[in-house]
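query13.pdb follows; it contains PDB, C-alpha atoms.
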```
MODEL        1
ATOM      1  CA  MET A1414       0.000   0.000   0.000
ATOM      2  CA  ASP A1415       1.426   3.418  -0.929
ATOM      3  CA  ASP A1416       1.512   6.411   1.440
ATOM      4  CA  ASP A1417      -1.570   8.076  -0.075
ATOM      5  CA  ALA A1418      -3.598   4.911   0.471
ATOM      6  CA  LEU A1419      -2.272   4.633   4.032
ATOM      7  CA  ILE A1420      -3.326   8.206   4.811
ATOM      8  CA  ALA A1421      -6.764   7.511   3.334
ATOM      9  CA  ALA A1422      -7.002   4.462   5.614
ATOM     10  CA  VAL A1423      -5.935   6.580   8.593
ATOM     11  CA  ALA A1424      -8.748   8.991   7.701
ATOM     12  CA  ARG A1425     -11.108   6.000   8.039
ATOM     13  CA  ARG A1426      -9.593   5.471  11.528
ATOM     14  CA  ASP A1427      -7.476   2.433  10.609
ATOM     15  CA  ASP A1428      -4.876   2.322  13.383
ATOM     16  CA  THR A1429      -2.882  -0.361  11.551
ATOM     17  CA  ALA A1430      -2.384   2.097   8.691
ATOM     18  CA  LEU A1431      -1.210   4.729  11.173
ATOM     19  CA  ARG A1432       1.328   2.282  12.620
ATOM     20  CA  GLU A1433       2.600   1.494   9.107
ATOM     21  CA  LEU A1434       2.836   5.193   8.238
ATOM     22  CA  PHE A1435       4.719   5.759  11.497
ATOM     23  CA  SER A1436       7.184   2.943  10.830
ATOM     24  CA  ARG A1437       7.890   4.271   7.321
ATOM     25  CA  HIS A1438       8.291   7.924   8.181
ATOM     26  CA  ALA A1439       9.166   8.305  11.874
ATOM     27  CA  PRO A1440      12.912   7.584  11.439
ATOM     28  CA  TRP A1441      13.575  10.312   8.880
ATOM     29  CA  LEU A1442      11.198  12.758  10.567
ATOM     30  CA  ALA A1443      13.009  12.212  13.873
ATOM     31  CA  ALA A1444      16.359  12.795  12.181
ATOM     32  CA  ARG A1445      15.160  16.099  10.754
ATOM     33  CA  LEU A1446      13.567  17.158  14.046
ATOM     34  CA  ARG A1447      16.874  16.541  15.839
ATOM     35  CA  GLY A1448      18.247  19.426  13.818
ATOM     36  CA  VAL A1449      15.851  21.910  15.422
ATOM     37  CA  LEU A1450      14.899  20.459  18.805
ATOM     38  CA  PRO A1451      16.704  19.180  21.873
ATOM     39  CA  ALA A1452      17.163  15.427  21.437
ATOM     40  CA  ALA A1453      15.100  14.677  24.552
ATOM     41  CA  GLU A1454      12.047  16.354  22.999
ATOM     42  CA  VAL A1455      12.105  14.748  19.547
ATOM     43  CA  GLU A1456      10.090  11.692  20.549
ATOM     44  CA  ASP A1457       7.341  13.804  22.138
ATOM     45  CA  VAL A1458       7.107  16.068  19.102
ATOM     46  CA  LEU A1459       7.057  13.014  16.838
ATOM     47  CA  GLN A1460       4.159  11.564  18.841
ATOM     48  CA  GLU A1461       2.303  14.888  18.591
ATOM     49  CA  THR A1462       2.972  14.856  14.858
ATOM     50  CA  PHE A1463       1.333  11.479  14.347
ATOM     51  CA  LEU A1464      -1.534  12.430  16.633
ATOM     52  CA  ALA A1465      -2.074  15.422  14.329
ATOM     53  CA  VAL A1466      -1.874  13.056  11.334
ATOM     54  CA  TRP A1467      -4.585  10.903  12.935
ATOM     55  CA  ARG A1468      -6.781  13.947  13.489
ATOM     56  CA  GLY A1469      -6.108  15.605  10.136
ATOM     57  CA  ALA A1470      -5.856  12.686   7.705
ATOM     58  CA  ALA A1471      -9.311  13.407   6.301
ATOM     59  CA  GLY A1472      -8.024  16.786   5.096
ATOM     60  CA  TYR A1473      -5.068  15.299   3.191
ATOM     61  CA  ARG A1474      -5.073  15.904  -0.556
ATOM     62  CA  PRO A1475      -2.729  13.608  -2.522
ATOM     63  CA  GLU A1476      -1.633  16.402  -4.882
ATOM     64  CA  GLY A1477       1.872  16.637  -3.382
ATOM     65  CA  SER A1478       4.037  14.120  -1.618
ATOM     66  CA  ALA A1479       2.874  12.425   1.545
ATOM     67  CA  GLY A1480       6.349  12.955   2.988
ATOM     68  CA  GLY A1481       6.079  16.696   2.422
ATOM     69  CA  TRP A1482       2.683  16.737   4.109
ATOM     70  CA  LEU A1483       4.058  14.800   7.079
ATOM     71  CA  TRP A1484       7.099  17.075   7.352
ATOM     72  CA  GLY A1485       4.813  20.112   7.300
ATOM     73  CA  ILE A1486       2.898  18.706  10.263
ATOM     74  CA  ALA A1487       6.141  17.836  12.084
ATOM     75  CA  ARG A1488       7.486  21.359  11.498
ATOM     76  CA  ARG A1489       4.310  22.873  12.913
ATOM     77  CA  GLN A1490       4.466  20.608  15.950
ATOM     78  CA  ALA A1491       8.121  21.566  16.481
ATOM     79  CA  ALA A1492       7.196  25.247  16.156
ATOM     80  CA  LEU A1493       4.444  24.807  18.749
ATOM     81  CA  TRP A1494       6.925  23.151  21.097
ATOM     82  CA  LEU A1495       9.406  25.997  20.564
ATOM     83  CA  ARG A1496       6.719  28.626  21.231
ATOM     84  CA  ARG A1497       5.628  26.904  24.450
ATOM     85  CA  ARG A1498       9.198  26.612  25.726
ATOM     86  CA  GLY A1499      10.495  29.943  24.445
ATOM     87  CA  PRO A1500      13.734  30.606  22.606
ATOM     88  CA  ALA A1501      15.794  31.075  25.778
ATOM     89  CA  GLU A1502      15.521  27.386  26.636
ATOM     90  CA  LEU A1503      17.143  26.416  23.363
ATOM     91  CA  LEU A1504      20.005  28.810  23.796
ATOM     92  CA  LEU A1505      20.877  27.809  27.342
ATOM     93  CA  PRO A1506      23.326  24.950  27.693
ATOM     94  CA  ALA A1507      21.784  21.529  28.134
ATOM     95  CA  LEU A1508      22.268  19.644  31.387
ATOM     96  CA  ALA A1509      24.321  16.494  31.335
ATOM     97  CA  ALA A1510      22.945  13.358  32.977
ATOM     98  CA  ASP A1511      24.803  14.280  36.185
ATOM     99  CA  GLY A1512      22.984  17.640  36.359
ATOM    100  CA  GLN A1513      26.070  19.675  35.511
ATOM    101  CA  HIS A1514      25.997  22.329  32.793
ATOM    102  CA  ARG A1515      27.897  21.328  29.678
ATOM    103  CA  GLY A1516      28.467  24.943  28.790
ATOM    104  CA  ASP A1517      29.087  28.225  30.441
ATOM    105  CA  PRO A1518      26.178  30.681  30.990
ATOM    106  CA  ALA A1519      28.418  33.353  29.474
ATOM    107  CA  GLU A1520      28.624  31.242  26.303
ATOM    108  CA  ALA A1521      24.823  31.048  26.243
ATOM    109  CA  ALA A1522      24.643  34.840  26.488
ATOM    110  CA  LEU A1523      27.145  35.118  23.647
ATOM    111  CA  SER A1524      25.017  32.735  21.569
ATOM    112  CA  ARG A1525      21.951  34.903  22.140
ATOM    113  CA  ALA A1526      23.929  38.011  21.163
ATOM    114  CA  GLU A1527      25.244  36.248  18.063
ATOM    115  CA  LEU A1528      21.717  35.254  17.061
ATOM    116  CA  ALA A1529      20.476  38.816  17.591
ATOM    117  CA  ARG A1530      23.328  40.090  15.412
ATOM    118  CA  ALA A1531      22.446  37.558  12.710
ATOM    119  CA  VAL A1532      18.804  38.652  12.764
ATOM    120  CA  SER A1533      19.851  42.292  12.468
ATOM    121  CA  ALA A1534      21.825  41.336   9.340
ATOM    122  CA  LEU A1535      18.451  40.764   7.692
ATOM    123  CA  GLY A1536      17.794  44.478   7.755
ATOM    124  CA  PRO A1537      15.406  46.650   9.725
ATOM    125  CA  ALA A1538      12.356  45.225  11.465
ATOM    126  CA  GLY A1539       9.548  45.125   8.922
ATOM    127  CA  GLY A1540      11.963  44.922   5.969
ATOM    128  CA  ALA A1541      11.293  42.313   3.289
ATOM    129  CA  ALA A1542      13.979  39.780   4.241
ATOM    130  CA  ARG A1543      13.461  40.120   7.976
ATOM    131  CA  GLU A1544       9.665  39.931   7.749
ATOM    132  CA  THR A1545       9.843  36.891   5.461
ATOM    133  CA  TRP A1546      12.244  35.211   7.908
ATOM    134  CA  ARG A1547       9.994  36.036  10.877
ATOM    135  CA  LEU A1548       6.844  34.739   9.220
ATOM    136  CA  MET A1549       8.399  31.557   7.831
ATOM    137  CA  TYR A1550      10.858  30.542  10.516
ATOM    138  CA  VAL A1551       9.507  32.067  13.709
ATOM    139  CA  GLU A1552       5.762  31.875  13.049
ATOM    140  CA  ASP A1553       6.120  28.765  10.829
ATOM    141  CA  LYS A1554       3.847  30.062   8.069
ATOM    142  CA  THR A1555       3.801  28.392   4.665
ATOM    143  CA  VAL A1556       5.079  30.099   1.521
ATOM    144  CA  ALA A1557       1.477  30.602   0.381
ATOM    145  CA  GLU A1558       0.492  32.162   3.719
ATOM    146  CA  VAL A1559       3.487  34.499   3.680
ATOM    147  CA  ALA A1560       2.774  35.487   0.075
ATOM    148  CA  GLU A1561      -0.806  36.360   0.970
ATOM    149  CA  LEU A1562       0.177  38.265   4.117
ATOM    150  CA  MET A1563       2.879  40.243   2.319
ATOM    151  CA  GLY A1564       0.933  40.740  -0.912
ATOM    152  CA  VAL A1565       3.634  39.220  -3.127
ATOM    153  CA  SER A1566       3.981  36.091  -5.260
ATOM    154  CA  ALA A1567       5.093  32.732  -3.861
ATOM    155  CA  GLY A1568       8.228  32.997  -6.006
ATOM    156  CA  THR A1569       9.103  36.306  -4.372
ATOM    157  CA  VAL A1570       8.651  34.753  -0.927
ATOM    158  CA  LYS A1571      10.929  31.844  -1.874
ATOM    159  CA  SER A1572      13.535  34.240  -3.194
ATOM    160  CA  ARG A1573      13.365  36.387  -0.050
ATOM    161  CA  ALA A1574      13.561  33.294   2.168
ATOM    162  CA  HIS A1575      16.624  32.095   0.267
ATOM    163  CA  ARG A1576      18.253  35.504   0.707
ATOM    164  CA  ALA A1577      17.379  35.558   4.416
ATOM    165  CA  ARG A1578      18.909  32.102   4.939
ATOM    166  CA  ARG A1579      22.041  33.178   3.065
ATOM    167  CA  LEU A1580      22.373  36.333   5.167
ATOM    168  CA  MET A1581      21.808  34.401   8.414
ATOM    169  CA  ARG A1582      24.390  31.766   7.458
ATOM    170  CA  ALA A1583      26.867  34.489   6.609
ATOM    171  CA  ALA A1584      26.226  36.381   9.848
ATOM    172  CA  LEU A1585      26.456  33.249  11.955
ATOM    173  CA  GLY A1586      29.554  32.126  10.060
ATOM    174  CA  HIS A1587      31.271  35.490  10.665
ATOM    175  CA  ARG A1588      31.720  36.212   6.966
ATOM    176  CA  ALA A1589      30.067  38.641   4.578
ATOM    177  CA  PRO A1590      27.830  37.111   1.913
ATOM    178  CA  ALA A1591      29.886  37.350  -1.267
ATOM    179  CA  ARG A1592      26.983  38.026  -3.634
ATOM    180  CA  GLN A1593      25.556  40.816  -1.484
ATOM    181  CA  ALA A1594      28.965  42.435  -1.129
ATOM    182  CA  ARG A1595      29.427  42.345  -4.926
ATOM    183  CA  GLN A1596      25.936  43.698  -5.632
ATOM    184  CA  GLY A1597      25.813  46.179  -2.798
ATOM    185  CA  GLY A1598      22.637  44.798  -1.290
ATOM    186  CA  GLY A1599      19.738  42.537  -2.018
ATOM    187  CA  ARG A1600      16.276  42.650  -3.504
TER     188      ARG A1600
ENDMDL
END
```

Could you show the structure in this file as structure tokens?
Amino acid sequence: MDDDALIAAVARRDDTALRELFSRHAPWLAARLRGVLPAAEVEDVLQETFLAVWRGAAGYRPEGSAGGWLWGIARRQAALWLRRRGPAELLLPALAADGQHRGDPAEAALSRAELARAVSALGPAGGAARETWRLMYVEDKTVAEVAELMGVSAGTVKSRAHRARRLMRAALGHRAPARQARQGGGR
């Protein structure tokens, strides 16, 4: 049975289909979630993801890939977790099993300052790149939602998001983005 058929079965409340969908997709979803969440929270977010799949399977439209649909749900669940916990928790050093801090609180403060500097590299608050970044990566809106909110095309949103990621990588990597330096700015 392919993924679309499994999701249709989940919509009919077939828990065997949900288990099969979980076994196919949970490993790669967990690996991607580990990139944005503390390792200890990945399993909980993954469970919330498949609970949301169970609840929302009837709304699935097989026009795209099932994996993309599942990742979209996982991203939203991760964003909800991040909003509930707040950004400070992610920037503070994790505790080792013995209860000792792995890092120095001063390093955590430096990380927060570095992140703030990287965000400022996107331009002024309300600017195109910064607003696109905020809507997509802080508020976890889709490209279509951002396009509608900003009154621009989806292609423009994708282009702005690409530019924002490039600027953030450059700022966090302590180097100037070569293309922006050559062109004297962005879009």

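Around the point (5.4, 29.6, 3.5), within 9 Å and counting only C-alpha atoms, we find these residues: A:Thr1545, A:Leu1548, A:Met1549, A:Tyr1550, A:Asp1553, A:Lys1554, A:Thr1555, A:Val1556, A:Ala1557, A:Glu1558, A:Val1559, A:Ala1560, A:Ala1567, A:Val1570, A:Lys1571.
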
Target residues per the PyMOL selection byres ((chain A and resi 1434-1440) around 12), formatted as a ChimeraX atom specification: /A:1414-1423,1427-1433,1441-1447,1455-1464,1466-1467,1470,1479-1484,1487

Point-to-point distance in Å for CA of Arg1547 in chain A and CA of Leu1495 in chain A: 14.0 Å

Nearest to Ala1526 in chain A by atom-to-atom distance, counting all atoms listed in the file, from A:Val1565, A:Leu1450, A:Leu1585, A:Ala1465: A:Leu1585

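Interatomic distance, CA of Arg1573 in chain A to CA of Gly1536 in chain A: 12.1 Å.
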
Nearby residues (all atoms listed in the file) at most 10 Å from Ser1533 in chain A, same-chain spacing under 5 positions excluded, as number ranges by chain: A: 1527-1528, 1538, 1543, 1580-1581, 1584
